[in-house]
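Student: Just start19.cif, nothing more (mmCIF, C-alpha atoms and all ligand atoms):
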data_structure
loop_
_atom_site.label_atom_id
_atom_site.label_comp_id
_atom_site.auth_asym_id
_atom_site.auth_seq_id
_atom_site.Cartn_x
_atom_site.Cartn_y
_atom_site.Cartn_z
CA MET A 1 22.98 0.11 -161.53
CA ILE A 2 25.19 -0.56 -164.49
CA ALA A 3 24.75 0.74 -167.99
CA PHE A 4 24.51 -2.56 -169.77
CA GLN A 5 23.61 -2.68 -173.43
CA ASP A 6 21.76 -5.48 -175.16
CA PRO A 7 24.34 -6.90 -177.58
CA LEU A 8 22.08 -9.62 -179.00
CA GLY A 9 18.91 -7.51 -179.01
CA GLN A 10 16.99 -10.19 -177.10
CA LEU A 11 15.43 -8.14 -174.34
CA PRO A 12 12.62 -5.59 -174.23
CA VAL A 13 13.43 -1.90 -174.42
CA LYS A 14 15.14 -0.67 -171.28
CA ALA A 15 13.09 2.00 -169.61
CA SER A 16 13.86 1.87 -165.91
CA THR A 17 16.82 1.95 -163.56
CA PHE A 18 16.44 -1.80 -162.89
CA ALA A 19 17.04 -2.79 -166.49
CA GLY A 20 20.85 -2.59 -166.32
CA ASP A 21 21.20 -5.09 -163.47
CA VAL A 22 18.57 -7.50 -164.75
CA ASP A 23 19.99 -7.53 -168.25
CA GLY A 24 23.53 -7.75 -166.90
CA VAL A 25 22.74 -10.91 -164.91
CA TYR A 26 20.93 -12.34 -167.94
CA TYR A 27 23.88 -11.78 -170.28
CA LEU A 28 26.44 -12.99 -167.72
CA CYS A 29 24.41 -16.17 -167.35
CA LEU A 30 24.12 -16.58 -171.11
CA ALA A 31 27.84 -15.96 -171.61
CA ILE A 32 28.91 -18.44 -168.90
CA CYS A 33 26.51 -21.09 -170.17
CA ALA A 34 27.75 -20.61 -173.74
CA PHE A 35 31.40 -20.75 -172.61
CA PHE A 36 30.95 -24.01 -170.68
CA PHE A 37 28.74 -25.51 -173.36
CA PHE A 38 31.50 -25.16 -175.94
CA LEU A 39 34.31 -26.01 -173.47
CA ILE A 40 32.68 -29.22 -172.25
CA LEU A 41 31.46 -30.26 -175.67
CA GLY A 42 34.89 -29.45 -177.12
CA VAL A 43 36.73 -31.59 -174.58
CA LEU A 44 34.19 -34.36 -175.11
CA VAL A 45 34.54 -34.40 -178.89
CA PHE A 46 38.32 -34.15 -178.60
CA ALA A 47 38.39 -37.10 -176.16
CA VAL A 48 36.10 -39.22 -178.29
CA PHE A 49 38.52 -39.02 -181.18
CA LYS A 50 41.84 -38.86 -179.33
CA PHE A 51 41.17 -41.70 -176.84
CA ARG A 52 38.88 -43.91 -178.89
CA ARG A 53 39.43 -47.67 -178.85
CA ARG A 54 41.41 -48.53 -181.92
CA SER A 55 40.98 -52.33 -181.87
CA PRO A 56 38.44 -54.59 -180.14
CA ASP A 57 41.00 -56.06 -177.72
CA GLN A 58 42.86 -52.84 -176.85
CA PRO A 59 43.62 -52.78 -173.07
CA ALA A 60 42.82 -49.74 -170.91
CA ALA A 61 45.64 -47.21 -171.06
CA SER A 62 45.19 -46.05 -167.46
CA SER A 63 43.57 -47.29 -164.27
CA MET A 64 43.21 -43.84 -162.73
CA THR A 65 40.01 -43.50 -160.65
CA HIS A 66 40.12 -39.83 -159.71
CA ASN A 67 42.20 -36.67 -159.61
CA THR A 68 41.78 -34.61 -156.46
CA PRO A 69 43.20 -31.26 -157.67
CA LEU A 70 40.98 -31.46 -160.77
CA GLU A 71 37.88 -32.26 -158.73
CA VAL A 72 38.54 -29.40 -156.31
CA LEU A 73 39.02 -27.08 -159.26
CA TRP A 74 35.76 -28.02 -160.96
CA THR A 75 33.88 -27.61 -157.70
CA VAL A 76 35.42 -24.34 -156.56
CA ILE A 77 35.17 -22.50 -159.89
CA PRO A 78 31.42 -23.17 -160.32
CA LEU A 79 30.91 -22.26 -156.67
CA ILE A 80 32.54 -18.89 -157.26
CA ILE A 81 30.43 -18.39 -160.37
CA VAL A 82 27.13 -19.15 -158.67
CA MET A 83 28.11 -16.91 -155.74
CA ILE A 84 28.65 -14.06 -158.21
CA PHE A 85 25.12 -14.67 -159.53
CA PHE A 86 23.82 -14.83 -156.01
CA ALA A 87 25.47 -11.57 -154.94
CA TRP A 88 24.39 -9.69 -158.06
CA GLY A 89 20.87 -11.12 -157.91
CA TRP A 90 20.61 -10.31 -154.21
CA LYS A 91 21.66 -6.73 -154.78
CA GLY A 92 19.13 -6.33 -157.62
CA SER A 93 16.42 -7.98 -155.56
CA MET A 94 17.06 -5.67 -152.60
CA ASP A 95 16.99 -2.63 -154.89
CA MET A 96 13.59 -3.74 -156.18
CA THR A 97 12.22 -4.58 -152.75
CA TYR A 98 13.08 -1.41 -150.85
CA ALA A 99 11.49 1.65 -152.37
CA PRO A 100 13.09 5.04 -151.71
CA ALA A 101 11.22 7.35 -149.34
CA ASP A 102 10.36 9.99 -151.93
CA CYS A 103 8.13 7.88 -154.19
CA LEU A 104 4.94 9.04 -155.87
CA GLN A 105 2.24 6.74 -154.48
CA TYR A 106 0.04 4.74 -156.85
CA GLU A 107 -2.43 1.93 -156.38
CA ALA A 108 -3.13 -0.84 -158.84
CA VAL A 109 -5.89 -3.37 -158.35
CA GLY A 110 -6.03 -6.51 -160.41
CA LYS A 111 -9.51 -7.75 -161.18
CA GLN A 112 -10.86 -10.17 -163.76
CA TRP A 113 -9.88 -8.76 -166.28
CA GLU A 114 -8.57 -5.28 -165.87
CA TRP A 115 -6.09 -3.13 -164.01
CA GLN A 116 -7.63 -0.35 -161.95
CA ILE A 117 -5.07 2.37 -161.42
CA LYS A 118 -5.25 5.16 -158.89
CA HIS A 119 -2.87 8.02 -159.53
CA PRO A 120 -1.34 10.03 -156.69
CA GLY A 121 -3.81 12.47 -155.17
CA SER A 122 -6.59 11.33 -157.50
CA LYS A 123 -9.85 9.69 -156.50
CA THR A 124 -10.92 8.53 -159.93
CA ILE A 125 -9.73 5.16 -161.15
CA SER A 126 -8.21 4.79 -164.52
CA ILE A 127 -8.73 1.49 -166.32
CA ASN A 128 -5.66 -0.19 -167.77
CA GLU A 129 -3.85 3.09 -168.17
CA MET A 130 -1.19 4.58 -165.99
CA TRP A 131 0.80 7.77 -166.40
CA VAL A 132 4.13 8.29 -164.67
CA PRO A 133 6.58 11.17 -164.93
CA VAL A 134 9.99 10.33 -166.36
CA GLY A 135 12.88 10.12 -163.90
CA LYS A 136 10.74 10.03 -160.74
CA ASN A 137 10.49 7.27 -158.18
CA VAL A 138 7.10 5.61 -158.35
CA LYS A 139 5.71 3.14 -155.85
CA VAL A 140 2.66 1.06 -156.66
CA THR A 141 0.69 -0.72 -153.98
CA ILE A 142 -0.90 -3.70 -155.67
CA TYR A 143 -3.57 -6.14 -154.68
CA SER A 144 -6.31 -8.24 -156.19
CA ARG A 145 -10.05 -8.19 -155.82
CA ASP A 146 -10.51 -11.80 -156.86
CA VAL A 147 -7.81 -14.23 -157.97
CA LEU A 148 -4.06 -14.17 -158.47
CA HIS A 149 -2.82 -11.72 -161.08
CA SER A 150 0.69 -10.51 -161.72
CA PHE A 151 1.72 -6.92 -162.33
CA PHE A 152 4.39 -7.06 -165.01
CA ILE A 153 5.98 -4.20 -166.94
CA PRO A 154 8.69 -5.81 -169.08
CA ALA A 155 10.25 -2.49 -170.12
CA PHE A 156 10.86 -1.70 -166.44
CA ARG A 157 11.91 -5.27 -165.51
CA CYS A 158 9.30 -4.96 -162.79
CA LYS A 159 7.04 -7.83 -161.81
CA ARG A 160 5.11 -8.96 -158.77
CA ASP A 161 2.05 -11.09 -158.14
CA THR A 162 -1.09 -9.49 -156.80
CA LEU A 163 -2.92 -11.49 -154.16
CA PRO A 164 -6.40 -11.21 -152.73
CA GLY A 165 -6.14 -10.26 -149.07
CA ARG A 166 -2.57 -9.05 -149.16
CA TYR A 167 -0.94 -5.78 -150.16
CA GLN A 168 2.20 -6.05 -152.23
CA LYS A 169 4.31 -3.28 -153.64
CA VAL A 170 6.56 -2.57 -156.53
CA TRP A 171 8.52 0.51 -157.31
CA PHE A 172 10.46 1.77 -160.30
CA ASN A 173 12.04 4.82 -161.81
CA ALA A 174 11.19 5.15 -165.51
CA THR A 175 14.14 6.50 -167.44
CA LYS A 176 12.72 6.74 -170.93
CA LEU A 177 9.62 8.43 -172.38
CA SER A 178 7.15 5.91 -173.77
CA PRO A 179 6.88 5.55 -177.56
CA ARG A 180 4.58 7.94 -179.41
CA ASP A 181 2.28 7.57 -182.39
CA ALA A 182 2.35 9.90 -185.39
CA ASP A 183 0.24 12.48 -183.53
CA GLY A 184 2.65 12.55 -180.61
CA LYS A 185 0.24 10.67 -178.35
CA SER A 186 1.86 8.16 -176.02
CA ILE A 187 1.33 4.52 -176.96
CA GLY A 188 2.73 3.40 -173.63
CA TYR A 189 4.70 0.41 -172.45
CA ASN A 190 2.84 -2.84 -171.91
CA LEU A 191 1.52 -3.67 -168.49
CA PHE A 192 0.78 -7.37 -168.60
CA CYS A 193 -1.01 -9.68 -166.28
CA ALA A 194 1.57 -12.44 -166.03
CA GLU A 195 -0.45 -14.95 -164.06
CA TYR A 196 -3.21 -17.00 -165.65
CA CYS A 197 -6.39 -15.65 -164.11
CA GLY A 198 -9.28 -17.04 -166.14
CA THR A 199 -10.97 -16.76 -169.53
CA ASN A 200 -9.73 -13.33 -170.54
CA HIS A 201 -6.31 -13.37 -168.92
CA SER A 202 -4.80 -12.67 -172.33
CA LYS A 203 -6.86 -9.49 -172.66
CA MET A 204 -5.72 -8.11 -169.33
CA ILE A 205 -3.23 -5.69 -170.81
CA GLY A 206 -2.63 -2.17 -169.63
CA LYS A 207 -0.38 0.64 -170.78
CA VAL A 208 2.12 2.65 -168.81
CA HIS A 209 2.73 6.08 -170.29
CA VAL A 210 6.01 7.67 -169.32
CA VAL A 211 5.56 11.38 -169.88
CA THR A 212 7.35 14.64 -169.16
CA GLU A 213 6.67 16.60 -165.97
CA GLU A 214 4.60 19.10 -167.98
CA GLU A 215 2.39 16.41 -169.52
CA PHE A 216 2.05 14.74 -166.15
CA ALA A 217 0.86 17.99 -164.58
CA THR A 218 -2.15 18.03 -166.94
CA LYS A 219 -3.40 14.82 -165.24
CA PRO A 220 -4.07 12.92 -168.46
CA TRP A 221 -5.79 10.14 -166.51
CA GLU A 222 -8.66 12.48 -165.67
CA ILE A 223 -9.32 13.50 -169.26
CA LEU A 224 -12.26 11.56 -170.71
CA PRO A 225 -13.57 12.03 -174.25
CA ALA A 226 -16.19 14.82 -174.41
CA ASP A 227 -18.28 13.32 -177.21
CA PRO A 228 -20.81 10.86 -175.69
CA TRP A 229 -20.26 8.12 -178.30
CA GLU A 230 -16.48 8.40 -177.96
CA LEU A 231 -16.82 8.30 -174.19
CA GLY A 232 -18.90 5.15 -174.55
CA GLN A 233 -16.29 3.60 -176.83
CA TYR A 234 -13.56 4.60 -174.38
CA ILE A 235 -15.38 2.77 -171.57
CA TYR A 236 -16.22 -0.22 -173.80
CA GLU A 237 -12.61 -0.67 -174.85
CA ARG A 238 -11.43 -0.68 -171.26
CA ARG A 239 -14.12 -2.69 -169.53
CA CYS A 240 -17.04 -4.19 -171.43
CA PHE A 241 -14.94 -5.74 -174.20
CA THR A 242 -13.65 -8.55 -172.00
CA CYS A 243 -17.15 -10.08 -171.96
CA HIS A 244 -19.16 -8.45 -174.79
CA SER A 245 -18.09 -8.43 -178.43
CA ILE A 246 -19.26 -5.96 -181.06
CA ASP A 247 -18.89 -8.43 -183.93
CA GLY A 248 -21.65 -10.86 -183.02
CA SER A 249 -19.41 -13.45 -181.37
CA ILE A 250 -20.18 -14.60 -177.85
CA VAL A 251 -17.37 -14.10 -175.39
CA VAL A 252 -19.05 -14.33 -172.00
CA GLY A 253 -22.17 -12.19 -172.25
CA PRO A 254 -24.38 -11.30 -175.22
CA SER A 255 -22.76 -9.49 -178.15
CA PHE A 256 -23.43 -5.77 -178.59
CA GLN A 257 -23.72 -6.07 -182.35
CA GLY A 258 -27.11 -4.97 -183.68
CA LEU A 259 -28.42 -4.54 -180.17
CA TRP A 260 -30.27 -1.25 -180.57
CA ASN A 261 -34.02 -1.53 -181.17
CA LYS A 262 -33.98 -5.28 -181.44
CA THR A 263 -36.46 -7.47 -179.63
CA GLU A 264 -34.55 -9.43 -177.02
CA SER A 265 -35.89 -12.72 -175.62
CA LEU A 266 -35.44 -12.94 -171.88
CA ALA A 267 -34.82 -15.91 -169.64
CA ASP A 268 -38.28 -15.65 -168.07
CA GLY A 269 -39.93 -16.13 -171.47
CA SER A 270 -40.89 -12.48 -172.02
CA THR A 271 -39.41 -10.13 -174.59
CA VAL A 272 -38.17 -6.59 -174.40
CA THR A 273 -37.29 -3.95 -176.95
CA VAL A 274 -33.77 -2.67 -176.53
CA ASP A 275 -34.24 1.02 -175.83
CA GLU A 276 -32.62 3.57 -173.55
CA ALA A 277 -34.63 2.51 -170.51
CA TYR A 278 -33.64 -1.14 -170.95
CA LEU A 279 -29.95 -0.34 -171.49
CA HIS A 280 -29.92 2.02 -168.53
CA GLU A 281 -31.43 -0.64 -166.30
CA SER A 282 -29.11 -3.36 -167.60
CA ILE A 283 -26.00 -1.30 -166.90
CA GLN A 284 -27.15 -0.46 -163.39
CA SER A 285 -28.68 -3.79 -162.39
CA PRO A 286 -27.62 -6.46 -164.86
CA SER A 287 -29.66 -9.21 -163.21
CA ALA A 288 -32.99 -7.39 -163.58
CA LYS A 289 -33.55 -8.74 -167.11
CA ILE A 290 -31.46 -11.72 -168.14
CA VAL A 291 -31.17 -12.49 -171.82
CA LYS A 292 -32.28 -16.01 -172.74
CA GLY A 293 -29.29 -18.32 -172.87
CA PHE A 294 -27.24 -16.31 -170.39
CA GLU A 295 -28.87 -17.55 -167.20
CA GLY A 296 -26.46 -17.99 -164.30
CA LYS A 297 -23.84 -15.63 -165.73
CA GLN A 298 -23.01 -12.85 -163.36
CA MET A 299 -22.18 -9.50 -164.92
CA THR A 300 -19.50 -7.47 -163.22
CA LEU A 301 -20.79 -4.29 -161.63
CA PHE A 302 -18.74 -1.15 -162.14
CA PRO A 303 -19.64 1.13 -159.22
CA ASP A 304 -17.74 4.07 -160.70
CA ILE A 305 -19.77 3.90 -163.94
CA ILE A 306 -23.09 3.29 -162.21
CA ALA A 307 -22.53 6.40 -160.12
CA ASP A 308 -21.87 8.55 -163.18
CA GLU A 309 -24.87 9.40 -165.35
CA ASN A 310 -22.54 10.94 -167.93
CA GLN A 311 -20.70 7.65 -168.42
CA ILE A 312 -23.94 5.66 -168.59
CA ASN A 313 -25.24 8.00 -171.30
CA GLY A 314 -21.99 7.66 -173.18
CA LEU A 315 -22.28 3.88 -173.06
CA ILE A 316 -25.88 4.01 -174.28
CA GLU A 317 -24.85 6.24 -177.20
CA PHE A 318 -22.10 3.76 -178.02
CA LEU A 319 -24.44 0.77 -177.78
CA LYS A 320 -26.83 2.35 -180.29
CA ASP A 321 -24.14 1.94 -182.95
CA PRO A 322 -20.98 0.27 -181.63
CA ASN A 323 -19.51 -0.27 -185.09
CA LYS A 324 -19.91 3.32 -186.24
CA SER A 325 -16.88 4.39 -188.20
CA THR A 326 -15.01 7.16 -186.44
CA LYS A 327 -12.65 7.95 -189.27
CU1 LIG A 401 -5.11 -11.22 -164.51
CU2 LIG A 401 -4.04 -12.91 -165.80
#
In structure tokens, write the structure found in this file.
Ligand code: CUA
Tutor:
Amino acid sequence: MIAFQDPLGQLPVKASTFAGDVDGVYYLCLAICAFFFFLILGVLVFAVFKFRRRSPDQPAASSMTHNTPLEVLWTVIPLIIVMIFFAWGWKGSMDMTYAPADCLQYEAVGKQWEWQIKHPGSKTISINEMWVPVGKNVKVTIYSRDVLHSFFIPAFRCKRDTLPGRYQKVWFNATKLSPRDADGKSIGYNLFCAEYCGTNHSKMIGKVHVVTEEEFATKPWEILPADPWELGQYIYERRCFTCHSIDGSIVVGPSFQGLWNKTESLADGSTVTVDEAYLHESIQSPSAKIVKGFEGKQMTLFPDIIADENQINGLIEFLKDPNKSTK
């Protein structure tokens, strides 16, 4: 690891032990490219003026076809340069590949279109949010439930594809607490999906919160909002939003705007009043009553929500008035 700064301010914030090497290779590459760009262009421009033909019948000044020492030089120097890149890149790649033995063990599952995170020693899954203690080695076993995704945390310079049917791993050591809002709550570093994975690929964004040991010990990933409506909103913002809007627009499934108490037309020609019983049933078995116009669309089942009456009730409270102002 080298402590390499970001002289041109082009790269994301550096928040892991990998950042120095990655940024170092990047800037070395940029510097060498810039150097040769100006060198070669300079010689070219110089030659164009210095050796230009001064009259239409001017004979060639030299019949030289090649220059062996020069050719060896311009082969050997680039070879040395690319070998430096290779060696540095290899070292960085090995560092990223082989996790130390003392890592905290996480799991991250990519799924259209969310990250499901399991924290060490925890059975609950946390959607799109991950908490790691600062300065500790963290290993994440990643895989996919459906298609290719890619687990990418730019601030950590950490990226690997997730594949269905294969376990992959990444590890990192976060060196910097994540940014905070005015209330001191962590905003987190972005966890992107960096592999196009369908309609809502661009919404598949998680947050990695780098917190102190003390904050980590409170297991923030297990703390859900106590107020039912806020719990419902919390779930909506992490899961339902990828398919259901609250502004009337159609993303994949029906919008949640103005849902409560309305008379919904179903695919089989009947109608139903949206009440608690209907919402409860639709969360647990989405195919029981299909809204007209949404035939053939399969709603994702969330086993962890279905198994938790508290979360279902929270969602129902939220669905009664999804646009309620909380401020
Ligand atoms: Cu998951 Cu893109």
Student: For Val210 of chain A, work out the shell of residues within 7 Å, counting all atoms listed in the file and skipping chain neighbours fewer than 2 positions away, then give it as number ranges by chain.
Tutor: A: 131-134, 174, 176-178, 188, 208
Student: List every protein, DNA or RNA residue with an atom no more than 9 Å from (20.3, -6.2, -158.9) in the file's coordinates, counting all atoms listed in the file, and format the result as a ChimeraX atom specification.
Tutor: /A:1,18-22,24-25,87-96
Student: May I have the residues within 12 Å of Cys29 of chain A as a CSV table (one decimal) with C-alpha atoms, in the frame of the given file, using only C-alpha atoms and disregarding those fewer than 2 positions away in the same chain?
Tutor:
chain,number,residue,atom,x,y,z
A,22,VAL,CA,18.6,-7.5,-164.8
A,23,ASP,CA,20.0,-7.5,-168.2
A,24,GLY,CA,23.5,-7.8,-166.9
A,25,VAL,CA,22.7,-10.9,-164.9
A,26,TYR,CA,20.9,-12.3,-167.9
A,27,TYR,CA,23.9,-11.8,-170.3
A,31,ALA,CA,27.8,-16.0,-171.6
A,32,ILE,CA,28.9,-18.4,-168.9
A,33,CYS,CA,26.5,-21.1,-170.2
A,34,ALA,CA,27.8,-20.6,-173.7
A,35,PHE,CA,31.4,-20.8,-172.6
A,36,PHE,CA,31.0,-24.0,-170.7
A,37,PHE,CA,28.7,-25.5,-173.4
A,81,ILE,CA,30.4,-18.4,-160.4
A,82,VAL,CA,27.1,-19.2,-158.7
A,84,ILE,CA,28.6,-14.1,-158.2
A,85,PHE,CA,25.1,-14.7,-159.5
A,86,PHE,CA,23.8,-14.8,-156.0
A,88,TRP,CA,24.4,-9.7,-158.1
A,89,GLY,CA,20.9,-11.1,-157.9
Student: Have a look at atom CA of Ile40 of chain A and atom CA of Pro69 of chain A and let me know their distance in Å, one decimal.
Tutor: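 Taking atom CA of Ile40 of chain A and atom CA of Pro69 of chain A, their separation equals 18.1 Å.
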Student: Could you name the residues that touch Thr273 of chain A at 10 Å or less, counting all atoms listed in the file, but leaving out those on the same chain fewer than 5 positions away, as a list in words?
Tutor: Leu259, Trp260, Asn261, Lys262, Thr263, Glu264, Ser265, Tyr278 and Leu279 of chain A
Student: Pick out the residues no farther than 9 Å from ligand LIG 401 (chain A), counting all atoms listed in the file, and list them as a list in words.
Tutor: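 Protein and nucleic-acid residues within 9 Å of ligand LIG 401 (chain A): Gly110, Lys111, Gln112, Trp113, Glu114, Trp115, Ser144, Val147, Leu148, His149, Ser150, Phe151, Thr162, Phe192, Cys193, Ala194, Glu195, Tyr196, Cys197, Gly198, Thr199, Asn200, His201, Ser202, Lys203, Met204 and Ile205 of chain A.
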Student: Name the residues within 12 Å of (-28.7, -2.7, -165.2), counting all atoms listed in the file in the file's coordinates, and put them as a VMD selection string.
Tutor: chain A and resid 276 to 290 298 to 303 305 to 306 312 316
Student: Take atom CA of Gly269 of chain A and atom CA of Phe294 of chain A and report the distance between them in Å, one decimal.
Tutor: 12.7 Å
Student: In terms of the shortest atom-to-atom distance over only C-alpha atoms, which of A:Asn310, A:Thr75, A:Ser186, A:Asn173 is closest to Pro225 of chain A?
Tutor: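 Closest to Pro225 of chain A, using only C-alpha atoms: A:Asn310.
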Student: Ranking A:Leu28, A:Ala61, A:Leu11, A:Ile125 by minimum distance to Arg238 of chain A and counting all atoms listed in the file, which one comes first?
Tutor: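 Among A:Leu28, A:Ala61, A:Leu11, A:Ile125, it is A:Ile125 that comes nearest to Arg238 of chain A.
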Student: Here is a test: counting all atoms listed in the file, which residue of A:Leu30, A:Lys207, A:Pro322, A:Trp221 is nearest to Lys118 of chain A?
Tutor: A:Trp221
